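Enquirer: Dumping the structure here so I can ask a few things about it.
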Amino acid sequence: MADSSSCPQPPPSTITNISTLLKALFQPHVSITLQEVNLTITHIFNNELSPIQTTVFLAALHYTGLDSHPELIAAATQGMRDAGVKISSLEYWGGLVDIIGTGGDGYGTFNVSTTSSILATTCRIQVCKHGNKASTSISGSADILAALGADLSNVTPDKVRNLFLSPQRKEEKKEALQQGTEHTGTFCFLFSPTFHLSMKHVAPIRKSLPYRTIFSLLGLLVNLIDYSLLQGFESWIIVYLGITRTMVICGFENLDEVSPAVFTHVWKLRKLKSTTSVVIEEFKIHPTITFGLFMHPLTSVAGGHSPQTNAAILTRLLRGKIPSMGPSDETAILDFVILNTAALCVVAGVVPSTAHKGSRWVDEEEVDEGGYAVGRKWRKGVEMVRRGVESGRAWAAMEEFVGVSKVVEGTVRKY
């Protein structure tokens, strides 16, 4: 049970009593509505529940198993997104994507999602990643970016707009998209404590509980921008949130990345043309069968033992300084990153499909008898990412983000 003395205490006049809902949660046949869940989450974020009732609510969801129901998670996610800091008037060309995992798989692999997010900018992708410091590993996404010099708490909504909407960036991207030429996309990182301020009301309670709460499942769903590649999650949750283009993955060994060692389960959400319907295609992807890459054991892609060590590896990779062939662990990490970035490129739509029916291009997957995706677009994604690695352009995107993160509010940055 949480120690209420360590939790922020709401003023007595603002406390909401949810005793009726709590009683319903402990009945033999639980009957609560999604609206009630959404409203309770809103109360928590507005600091309108007592720490004791918040604790009981989270415990009830956990022990009844309701915190694993897609509809309920979607309702809680919407409540958390509604309470987040808004980024208004953000226009962009080609869409924004994110690649994020649940964490907690226990394998301690290199920061592949963060690296792939930055590397994807060399493939004309605009990336707005959402994340936090490590909770179950040594080096989280925020930790490695901070080690590279980024002032993450200084990245505000205005900074995000500045990154994507500077006059020079707008003209460069608009011209490149019109001409179909190579250009570098933009990388931005949304530090969760900055954009979800209300999480401070529940943080002490989460820390004191001996089990994972529903909030542990919401982290990869509450990016205030968009979604593309979600790792290790329930695909139907995305459907209930109204998302129409994403890919949910889970490595065979329960890895929350595309596995470099064995195959990976995939649930791809695709909106049917000329309708509002969404279909979920289930198949597998494999480092060699699908992507044409070498396989590597997870022990070879563990990376370093600190954010600083992983930051040094990431720097060499983004600058194109890691050999593409050889027995080294850094080469294995490079393949691991290329694997995941290529998957992101496919789902983001920057790799053209080679499947066609008559004169119409289609988005269905080409799957072999074993259930593995074998379409040429996956290998074309690898080729695209390799060119990006060799160009070293990803480092420019990283430097731009670090520079913007350090700009003091009220000053004008020259591009």
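Every chain in the structure tokens takes a letter, A first, then B, and so on in the order presented; its residues are numbered from 1, and the ligands are numbered from 1 following the presented order.
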Applying 6 Å and only C-alpha atoms, which residues near stretch 337-351 of chain A remain after dropping the ones on its own chain fewer than 2 positions away? List them as a list in words.
Expert: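 My reading of the contact set: Val112, Ser116, Val258, Leu334, Asp335, Gly381 and Val382 of chain A.
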Enquirer: For A:Val367, please output as a PyMOL selection string all residues within 10 Å (counting only C-alpha atoms; exclusion window: fewer than 4 positions along the same chain).
Expert: chain A and resi 282-285+290+371-375
Enquirer: Create the file for the chosen residues now, containing all heavy atoms and written as a PDB file, in the first residue's frame.
Expert:
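In the end it all went to out_27.pdb:
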```
ATOM      1  N   GLU A 282      -1.923 -10.114 -39.640  1.00  0.00           N
ATOM      2  CA  GLU A 282      -0.987 -10.779 -38.733  1.00  0.00           C
ATOM      3  C   GLU A 282      -0.008 -11.630 -39.541  1.00  0.00           C
ATOM      4  O   GLU A 282      -0.417 -12.438 -40.378  1.00  0.00           O
ATOM      5  CB  GLU A 282      -1.733 -11.653 -37.731  1.00  0.00           C
ATOM      6  CG  GLU A 282      -0.834 -12.289 -36.687  1.00  0.00           C
ATOM      7  CD  GLU A 282      -1.628 -13.048 -35.631  1.00  0.00           C
ATOM      8  OE1 GLU A 282      -2.870 -12.955 -35.628  1.00  0.00           O
ATOM      9  OE2 GLU A 282      -0.982 -13.750 -34.812  1.00  0.00           O
ATOM     10  N   PHE A 283       1.285 -11.419 -39.310  1.00  0.00           N
ATOM     11  CA  PHE A 283       2.309 -12.189 -40.003  1.00  0.00           C
ATOM     12  C   PHE A 283       3.599 -12.134 -39.183  1.00  0.00           C
ATOM     13  O   PHE A 283       3.593 -11.618 -38.043  1.00  0.00           O
ATOM     14  CB  PHE A 283       2.542 -11.647 -41.432  1.00  0.00           C
ATOM     15  CG  PHE A 283       2.806 -10.163 -41.495  1.00  0.00           C
ATOM     16  CD1 PHE A 283       4.100  -9.653 -41.487  1.00  0.00           C
ATOM     17  CD2 PHE A 283       1.745  -9.263 -41.595  1.00  0.00           C
ATOM     18  CE1 PHE A 283       4.343  -8.290 -41.552  1.00  0.00           C
ATOM     19  CE2 PHE A 283       1.978  -7.892 -41.664  1.00  0.00           C
ATOM     20  CZ  PHE A 283       3.287  -7.412 -41.640  1.00  0.00           C
ATOM     21  N   LYS A 284       4.675 -12.656 -39.725  1.00  0.00           N
ATOM     22  CA  LYS A 284       5.977 -12.632 -39.038  1.00  0.00           C
ATOM     23  C   LYS A 284       7.014 -11.975 -39.931  1.00  0.00           C
ATOM     24  O   LYS A 284       6.899 -11.997 -41.152  1.00  0.00           O
ATOM     25  CB  LYS A 284       6.421 -14.067 -38.695  1.00  0.00           C
ATOM     26  CG  LYS A 284       5.515 -14.781 -37.704  1.00  0.00           C
ATOM     27  CD  LYS A 284       6.002 -16.201 -37.414  1.00  0.00           C
ATOM     28  CE  LYS A 284       5.773 -17.122 -38.604  1.00  0.00           C
ATOM     29  NZ  LYS A 284       6.076 -18.542 -38.285  1.00  0.00           N
ATOM     30  N   ILE A 285       8.015 -11.377 -39.304  1.00  0.00           N
ATOM     31  CA  ILE A 285       9.160 -10.858 -40.048  1.00  0.00           C
ATOM     32  C   ILE A 285      10.424 -11.474 -39.458  1.00  0.00           C
ATOM     33  O   ILE A 285      10.480 -11.803 -38.267  1.00  0.00           O
ATOM     34  CB  ILE A 285       9.235  -9.318 -40.013  1.00  0.00           C
ATOM     35  CG1 ILE A 285       9.165  -8.783 -38.577  1.00  0.00           C
ATOM     36  CG2 ILE A 285       8.140  -8.708 -40.873  1.00  0.00           C
ATOM     37  CD1 ILE A 285       9.245  -7.262 -38.487  1.00  0.00           C
ATOM     38  N   THR A 290      13.062 -11.946 -44.298  1.00  0.00           N
ATOM     39  CA  THR A 290      12.340 -10.735 -44.682  1.00  0.00           C
ATOM     40  C   THR A 290      13.268  -9.603 -45.108  1.00  0.00           C
ATOM     41  O   THR A 290      13.041  -8.963 -46.143  1.00  0.00           O
ATOM     42  CB  THR A 290      11.452 -10.243 -43.518  1.00  0.00           C
ATOM     43  OG1 THR A 290      10.598 -11.307 -43.085  1.00  0.00           O
ATOM     44  CG2 THR A 290      10.623  -9.043 -43.933  1.00  0.00           C
ATOM     45  N   GLY A 371       4.350 -18.034 -43.173  1.00  0.00           N
ATOM     46  CA  GLY A 371       3.779 -16.882 -42.491  1.00  0.00           C
ATOM     47  C   GLY A 371       4.714 -15.688 -42.407  1.00  0.00           C
ATOM     48  O   GLY A 371       4.424 -14.713 -41.694  1.00  0.00           O
ATOM     49  N   TYR A 372       5.845 -15.744 -43.150  1.00  0.00           N
ATOM     50  CA  TYR A 372       6.824 -14.647 -43.103  1.00  0.00           C
ATOM     51  C   TYR A 372       6.575 -13.653 -44.235  1.00  0.00           C
ATOM     52  O   TYR A 372       6.322 -14.045 -45.385  1.00  0.00           O
ATOM     53  CB  TYR A 372       8.249 -15.186 -43.231  1.00  0.00           C
ATOM     54  CG  TYR A 372       8.697 -16.011 -42.053  1.00  0.00           C
ATOM     55  CD1 TYR A 372       8.674 -17.408 -42.111  1.00  0.00           C
ATOM     56  CD2 TYR A 372       9.132 -15.409 -40.881  1.00  0.00           C
ATOM     57  CE1 TYR A 372       9.076 -18.181 -41.029  1.00  0.00           C
ATOM     58  CE2 TYR A 372       9.543 -16.169 -39.796  1.00  0.00           C
ATOM     59  CZ  TYR A 372       9.512 -17.544 -39.875  1.00  0.00           C
ATOM     60  OH  TYR A 372       9.911 -18.302 -38.805  1.00  0.00           O
ATOM     61  N   ALA A 373       6.684 -12.362 -43.920  1.00  0.00           N
ATOM     62  CA  ALA A 373       6.594 -11.333 -44.945  1.00  0.00           C
ATOM     63  C   ALA A 373       7.822 -11.427 -45.839  1.00  0.00           C
ATOM     64  O   ALA A 373       8.958 -11.490 -45.347  1.00  0.00           O
ATOM     65  CB  ALA A 373       6.510  -9.955 -44.307  1.00  0.00           C
ATOM     66  N   VAL A 374       7.610 -11.428 -47.151  1.00  0.00           N
ATOM     67  CA  VAL A 374       8.725 -11.586 -48.090  1.00  0.00           C
ATOM     68  C   VAL A 374       8.689 -10.532 -49.199  1.00  0.00           C
ATOM     69  O   VAL A 374       9.431 -10.636 -50.170  1.00  0.00           O
ATOM     70  CB  VAL A 374       8.725 -12.991 -48.721  1.00  0.00           C
ATOM     71  CG1 VAL A 374       9.037 -14.053 -47.690  1.00  0.00           C
ATOM     72  CG2 VAL A 374       7.374 -13.283 -49.396  1.00  0.00           C
ATOM     73  N   GLY A 375       7.829  -9.532 -49.057  1.00  0.00           N
ATOM     74  CA  GLY A 375       7.756  -8.495 -50.078  1.00  0.00           C
ATOM     75  C   GLY A 375       9.072  -7.741 -50.223  1.00  0.00           C
ATOM     76  O   GLY A 375       9.818  -7.559 -49.250  1.00  0.00           O
TER      77      GLY A 375
END
```
Enquirer: In Å, rounded to a single decimal, give me how far atom CA of A:Thr276 is from atom CA of A:Leu39.
Expert: 27.6 Å
Enquirer: For atom CA of A:Glu366 and atom CA of A:Cys250, determine how far apart the two atoms are, in Å to one decimal place.
Expert: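 Spanning atom CA of A:Glu366 to atom CA of A:Cys250 is a straight-line distance of 19.5 Å.
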Enquirer: Show me, as a list in words, the residues that have an atom within 8 Å of A:Ile214 when counting only C-alpha atoms, minus same-chain residues fewer than 6 positions from it.
Expert: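 Final neighbour list, sorted by chain and number: Leu58, Leu61, His62, Asp67, Ser68 and Ile73 of chain A.
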Enquirer: Report as number ranges by chain: the residues of stretch 36-101 of chain A with a DSSP assignment of alpha helix (DSSP H), based on the backbone of this structure.
Expert: A: 36-45, 51-64, 70-83
Enquirer: Which neighbours of A:Phe26 fall inside 12 Å, counting only C-alpha atoms, when residues of the same chain fewer than 5 positions from it are skipped, and could you give them as a PDB file with N, CA and C atoms, in the first residue's frame?
Expert:
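Here's the written file selection_28.pdb:
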```pdb
ATOM      1  N   SER A  19     -15.925   6.166  -4.104  1.00  0.00           N
ATOM      2  CA  SER A  19     -16.232   4.953  -3.337  1.00  0.00           C
ATOM      3  C   SER A  19     -17.190   4.026  -4.090  1.00  0.00           C
ATOM      4  N   THR A  20     -18.184   4.595  -4.756  1.00  0.00           N
ATOM      5  CA  THR A  20     -19.150   3.774  -5.481  1.00  0.00           C
ATOM      6  C   THR A  20     -18.473   2.975  -6.587  1.00  0.00           C
ATOM      7  N   LEU A  21     -17.568   3.634  -7.331  1.00  0.00           N
ATOM      8  CA  LEU A  21     -16.826   2.945  -8.390  1.00  0.00           C
ATOM      9  C   LEU A  21     -15.934   1.854  -7.801  1.00  0.00           C
ATOM     10  N   SER A  31     -18.865  -4.365 -13.194  1.00  0.00           N
ATOM     11  CA  SER A  31     -19.616  -3.652 -14.223  1.00  0.00           C
ATOM     12  C   SER A  31     -19.314  -2.163 -14.104  1.00  0.00           C
ATOM     13  N   ILE A  32     -18.334  -1.716 -14.889  1.00  0.00           N
ATOM     14  CA  ILE A  32     -18.013  -0.291 -14.936  1.00  0.00           C
ATOM     15  C   ILE A  32     -17.959   0.132 -16.399  1.00  0.00           C
ATOM     16  N   VAL A  56      -6.105   2.310  -4.283  1.00  0.00           N
ATOM     17  CA  VAL A  56      -7.102   1.230  -4.339  1.00  0.00           C
ATOM     18  C   VAL A  56      -7.599   1.044  -5.775  1.00  0.00           C
ATOM     19  N   PHE A  57      -7.804   2.124  -6.492  1.00  0.00           N
ATOM     20  CA  PHE A  57      -8.266   2.053  -7.879  1.00  0.00           C
ATOM     21  C   PHE A  57      -7.260   1.308  -8.749  1.00  0.00           C
ATOM     22  N   ALA A  59      -4.912  -0.760  -7.727  1.00  0.00           N
ATOM     23  CA  ALA A  59      -4.828  -2.153  -7.265  1.00  0.00           C
ATOM     24  C   ALA A  59      -6.001  -2.977  -7.793  1.00  0.00           C
ATOM     25  N   ALA A  60      -7.199  -2.385  -7.795  1.00  0.00           N
ATOM     26  CA  ALA A  60      -8.376  -3.102  -8.272  1.00  0.00           C
ATOM     27  C   ALA A  60      -8.251  -3.422  -9.756  1.00  0.00           C
ATOM     28  N   LEU A  61      -7.782  -2.467 -10.542  1.00  0.00           N
ATOM     29  CA  LEU A  61      -7.589  -2.722 -11.973  1.00  0.00           C
ATOM     30  C   LEU A  61      -6.583  -3.843 -12.187  1.00  0.00           C
ATOM     31  N   HIS A  62      -5.538  -3.841 -11.367  1.00  0.00           N
ATOM     32  CA  HIS A  62      -4.481  -4.849 -11.521  1.00  0.00           C
ATOM     33  C   HIS A  62      -4.988  -6.246 -11.162  1.00  0.00           C
ATOM     34  N   TYR A  63      -5.605  -6.379 -10.012  1.00  0.00           N
ATOM     35  CA  TYR A  63      -5.976  -7.708  -9.528  1.00  0.00           C
ATOM     36  C   TYR A  63      -7.223  -8.271 -10.209  1.00  0.00           C
ATOM     37  N   THR A  64      -8.032  -7.428 -10.823  1.00  0.00           N
ATOM     38  CA  THR A  64      -9.162  -7.927 -11.611  1.00  0.00           C
ATOM     39  C   THR A  64      -8.745  -8.208 -13.050  1.00  0.00           C
ATOM     40  N   GLY A  65      -7.554  -7.754 -13.437  1.00  0.00           N
ATOM     41  CA  GLY A  65      -7.086  -7.945 -14.804  1.00  0.00           C
ATOM     42  C   GLY A  65      -7.678  -6.954 -15.787  1.00  0.00           C
ATOM     43  N   LEU A  66      -8.436  -5.988 -15.279  1.00  0.00           N
ATOM     44  CA  LEU A  66      -9.055  -5.006 -16.175  1.00  0.00           C
ATOM     45  C   LEU A  66      -8.024  -4.103 -16.837  1.00  0.00           C
TER      46      LEU A  66
END
```
Enquirer: Have a look at atom CA of A:Arg270 and atom CA of A:His69 and let me know their distance in Å, one decimal.
Expert: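 Rounded to one decimal, the two atoms are 21.7 Å apart.
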Enquirer: When you count only C-alpha atoms, which of these residues is closest to A:Ala312: A:Leu145, A:Ile243, A:Ala396, A:Leu218?
Expert: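 Of all the options, A:Leu145 lies closest to A:Ala312.
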Enquirer: Taking 5 positions as the minimum chain separation for residues in the same chain, which residues sit within 8 Å of stretch 154-161 of chain A when counting only C-alpha atoms? Answer as a PDB file with N, CA and C atoms, in the first residue's frame.
Expert:
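For reference, selection29.pdb as written:
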```pdb
ATOM      1  N   VAL A  85       0.006  18.363 -22.104  1.00  0.00           N
ATOM      2  CA  VAL A  85       0.286  19.693 -22.651  1.00  0.00           C
ATOM      3  C   VAL A  85       0.075  19.647 -24.164  1.00  0.00           C
ATOM      4  N   LYS A  86      -0.710  20.568 -24.684  1.00  0.00           N
ATOM      5  CA  LYS A  86      -1.049  20.555 -26.102  1.00  0.00           C
ATOM      6  C   LYS A  86       0.024  21.247 -26.946  1.00  0.00           C
ATOM      7  N   ILE A  87       0.216  20.723 -28.174  1.00  0.00           N
ATOM      8  CA  ILE A  87       1.104  21.349 -29.147  1.00  0.00           C
ATOM      9  C   ILE A  87       0.209  21.800 -30.294  1.00  0.00           C
ATOM     10  N   SER A  88      -0.169  23.066 -30.267  1.00  0.00           N
ATOM     11  CA  SER A  88      -1.145  23.561 -31.236  1.00  0.00           C
ATOM     12  C   SER A  88      -0.471  24.097 -32.494  1.00  0.00           C
ATOM     13  N   SER A  89      -1.272  24.182 -33.538  1.00  0.00           N
ATOM     14  CA  SER A  89      -0.835  24.794 -34.814  1.00  0.00           C
ATOM     15  C   SER A  89       0.415  24.152 -35.378  1.00  0.00           C
ATOM     16  N   LEU A  90       0.549  22.853 -35.229  1.00  0.00           N
ATOM     17  CA  LEU A  90       1.719  22.160 -35.772  1.00  0.00           C
ATOM     18  C   LEU A  90       1.370  21.581 -37.135  1.00  0.00           C
ATOM     19  N   SER A 166      10.409  26.172 -38.791  1.00  0.00           N
ATOM     20  CA  SER A 166      11.309  27.273 -39.139  1.00  0.00           C
ATOM     21  C   SER A 166      11.204  27.532 -40.631  1.00  0.00           C
ATOM     22  N   CYS A 188      12.671  15.100 -33.130  1.00  0.00           N
ATOM     23  CA  CYS A 188      12.317  15.820 -31.912  1.00  0.00           C
ATOM     24  C   CYS A 188      11.963  14.802 -30.832  1.00  0.00           C
ATOM     25  N   PHE A 189      12.185  15.175 -29.592  1.00  0.00           N
ATOM     26  CA  PHE A 189      11.903  14.272 -28.469  1.00  0.00           C
ATOM     27  C   PHE A 189      11.029  14.999 -27.462  1.00  0.00           C
ATOM     28  N   LEU A 190       9.909  14.375 -27.117  1.00  0.00           N
ATOM     29  CA  LEU A 190       9.005  14.918 -26.110  1.00  0.00           C
ATOM     30  C   LEU A 190       9.276  14.213 -24.783  1.00  0.00           C
ATOM     31  N   PHE A 191       9.847  14.942 -23.836  1.00  0.00           N
ATOM     32  CA  PHE A 191      10.176  14.390 -22.523  1.00  0.00           C
ATOM     33  C   PHE A 191       8.890  14.289 -21.709  1.00  0.00           C
ATOM     34  N   THR A 194       7.637  16.714 -19.028  1.00  0.00           N
ATOM     35  CA  THR A 194       7.337  18.064 -19.495  1.00  0.00           C
ATOM     36  C   THR A 194       5.947  18.139 -20.112  1.00  0.00           C
ATOM     37  N   PHE A 195       5.551  17.087 -20.840  1.00  0.00           N
ATOM     38  CA  PHE A 195       4.286  17.112 -21.557  1.00  0.00           C
ATOM     39  C   PHE A 195       3.151  16.399 -20.822  1.00  0.00           C
ATOM     40  N   VAL A 404      18.442  23.188 -30.640  1.00  0.00           N
ATOM     41  CA  VAL A 404      17.154  23.799 -30.332  1.00  0.00           C
ATOM     42  C   VAL A 404      16.801  23.600 -28.862  1.00  0.00           C
ATOM     43  N   SER A 405      17.139  22.440 -28.307  1.00  0.00           N
ATOM     44  CA  SER A 405      16.812  22.171 -26.902  1.00  0.00           C
ATOM     45  C   SER A 405      17.534  23.113 -25.945  1.00  0.00           C
ATOM     46  N   LYS A 406      18.638  23.693 -26.388  1.00  0.00           N
ATOM     47  CA  LYS A 406      19.434  24.569 -25.515  1.00  0.00           C
ATOM     48  C   LYS A 406      19.085  26.040 -25.671  1.00  0.00           C
TER      49      LYS A 406
END
```
Enquirer: Using DSSP secondary structure from the backbone, list all strand (DSSP E) positions within stretch 45-165 of chain A, as an NGL selection string.
Expert: :A and (96-97 or 99-101 or 126-131)
Enquirer: Kindly indicate which residue among A:Leu119, A:Met295, A:Ala146, A:Val30 lies nearest to A:Glu390, using only C-alpha atoms for the distances.
Expert: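 Distance minimum relative to A:Glu390 lands on A:Leu119.
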Enquirer: For A:Thr246, which of A:Ile118, A:Leu318, A:Val97, A:Val202 is the closest residue, counting only C-alpha atoms?
Expert: A:Val97
Enquirer: Neighbouring residues of A:Ala261 were defined as those with any atom within 7 Å, considering only C-alpha atoms; residues of the same chain fewer than 4 positions away were excluded. Please report them as an NGL selection string.
Expert: :A and (295-298)
Enquirer: Looking at A:Thr331, A:Ser259, A:Thr14, A:Asn46, which one is nearest to A:Ala83, with distances taken over only C-alpha atoms?
Expert: A:Asn46
Enquirer: My list of candidates is A:Leu317, A:Val385, A:Ile280, A:Ala311. Which is closest to A:Glu365 when distances are computed with only C-alpha atoms?
Expert: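 Counting only C-alpha atoms, the residue closest to A:Glu365 is A:Ile280.
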Enquirer: Please list as a ChimeraX atom specification every residue within 12 Å of A:Gly303, counting only C-alpha atoms and excluding residues in the same chain fewer than 6 positions away.
Expert: /A:107-112,137-139,144,309-314,328-334,336-337
Enquirer: For the residues selected in the previous step, produce a file with N, CA and C atoms as a CSV table (one decimal), in the first residue's frame.
Expert:
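Final file, again_29.csv:
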```csv
chain,number,residue,atom,x,y,z
A,107,TYR,N,15.9,-7.8,-21.3
A,107,TYR,CA,17.1,-8.2,-22.1
A,107,TYR,C,18.2,-7.1,-22.1
A,108,GLY,N,17.9,-5.9,-21.7
A,108,GLY,CA,18.9,-4.9,-21.6
A,108,GLY,C,19.6,-4.6,-23.0
A,109,THR,N,18.9,-4.6,-24.1
A,109,THR,CA,19.5,-4.3,-25.4
A,109,THR,C,19.8,-2.8,-25.5
A,110,PHE,N,20.6,-2.6,-26.5
A,110,PHE,CA,21.0,-1.2,-26.9
A,110,PHE,C,19.8,-0.3,-27.2
A,111,ASN,N,19.9,1.0,-27.1
A,111,ASN,CA,18.8,1.9,-27.3
A,111,ASN,C,18.4,2.0,-28.7
A,112,VAL,N,17.8,0.9,-29.2
A,112,VAL,CA,17.6,0.8,-30.7
A,112,VAL,C,16.4,1.7,-31.1
A,137,SER,N,15.7,-0.3,-17.1
A,137,SER,CA,17.0,-0.6,-17.7
A,137,SER,C,18.0,0.4,-17.3
A,138,ILE,N,19.3,0.3,-17.8
A,138,ILE,CA,20.3,1.2,-17.3
A,138,ILE,C,20.3,2.5,-18.1
A,139,SER,N,19.9,2.4,-19.4
A,139,SER,CA,19.9,3.6,-20.2
A,139,SER,C,18.6,3.7,-21.0
A,144,ILE,N,20.1,8.7,-22.7
A,144,ILE,CA,21.1,8.7,-23.8
A,144,ILE,C,21.1,10.0,-24.5
A,309,THR,N,28.2,5.4,-22.4
A,309,THR,CA,28.8,4.4,-23.3
A,309,THR,C,27.9,4.2,-24.5
A,310,ASN,N,26.6,4.1,-24.3
A,310,ASN,CA,25.7,3.9,-25.4
A,310,ASN,C,25.6,5.2,-26.2
A,311,ALA,N,25.8,6.4,-25.6
A,311,ALA,CA,25.8,7.6,-26.4
A,311,ALA,C,27.0,7.6,-27.4
A,312,ALA,N,28.1,7.1,-26.9
A,312,ALA,CA,29.3,7.0,-27.8
A,312,ALA,C,29.1,6.1,-29.0
A,313,ILE,N,28.4,4.9,-28.7
A,313,ILE,CA,28.1,4.0,-29.8
A,313,ILE,C,27.1,4.7,-30.8
A,314,LEU,N,26.1,5.3,-30.2
A,314,LEU,CA,25.1,6.0,-31.1
A,314,LEU,C,25.7,7.1,-31.9
A,328,SER,N,32.3,-7.8,-34.9
A,328,SER,CA,32.2,-7.0,-33.7
A,328,SER,C,30.8,-6.8,-33.3
A,329,ASP,N,30.6,-6.5,-32.0
A,329,ASP,CA,29.3,-6.3,-31.4
A,329,ASP,C,28.7,-5.0,-31.9
A,330,GLU,N,29.5,-4.0,-32.3
A,330,GLU,CA,29.0,-2.8,-32.8
A,330,GLU,C,28.4,-3.0,-34.2
A,331,THR,N,29.0,-3.9,-35.0
A,331,THR,CA,28.4,-4.2,-36.3
A,331,THR,C,27.0,-4.9,-36.1
A,332,ALA,N,27.0,-5.7,-35.1
A,332,ALA,CA,25.7,-6.4,-34.8
A,332,ALA,C,24.6,-5.4,-34.3
A,333,ILE,N,25.1,-4.4,-33.6
A,333,ILE,CA,24.1,-3.3,-33.2
A,333,ILE,C,23.7,-2.5,-34.4
A,334,LEU,N,24.6,-2.3,-35.3
A,334,LEU,CA,24.3,-1.6,-36.5
A,334,LEU,C,23.2,-2.3,-37.3
A,336,PHE,N,21.1,-4.4,-36.1
A,336,PHE,CA,19.9,-4.4,-35.2
A,336,PHE,C,19.1,-3.1,-35.4
A,337,VAL,N,19.9,-2.0,-35.5
A,337,VAL,CA,19.2,-0.7,-35.7
A,337,VAL,C,18.7,-0.6,-37.1
```
Enquirer: With distances taken over only C-alpha atoms, which residue among A:Arg387, A:Arg81, A:Arg245, A:Arg124 lies nearest A:Phe187?
Expert: A:Arg124
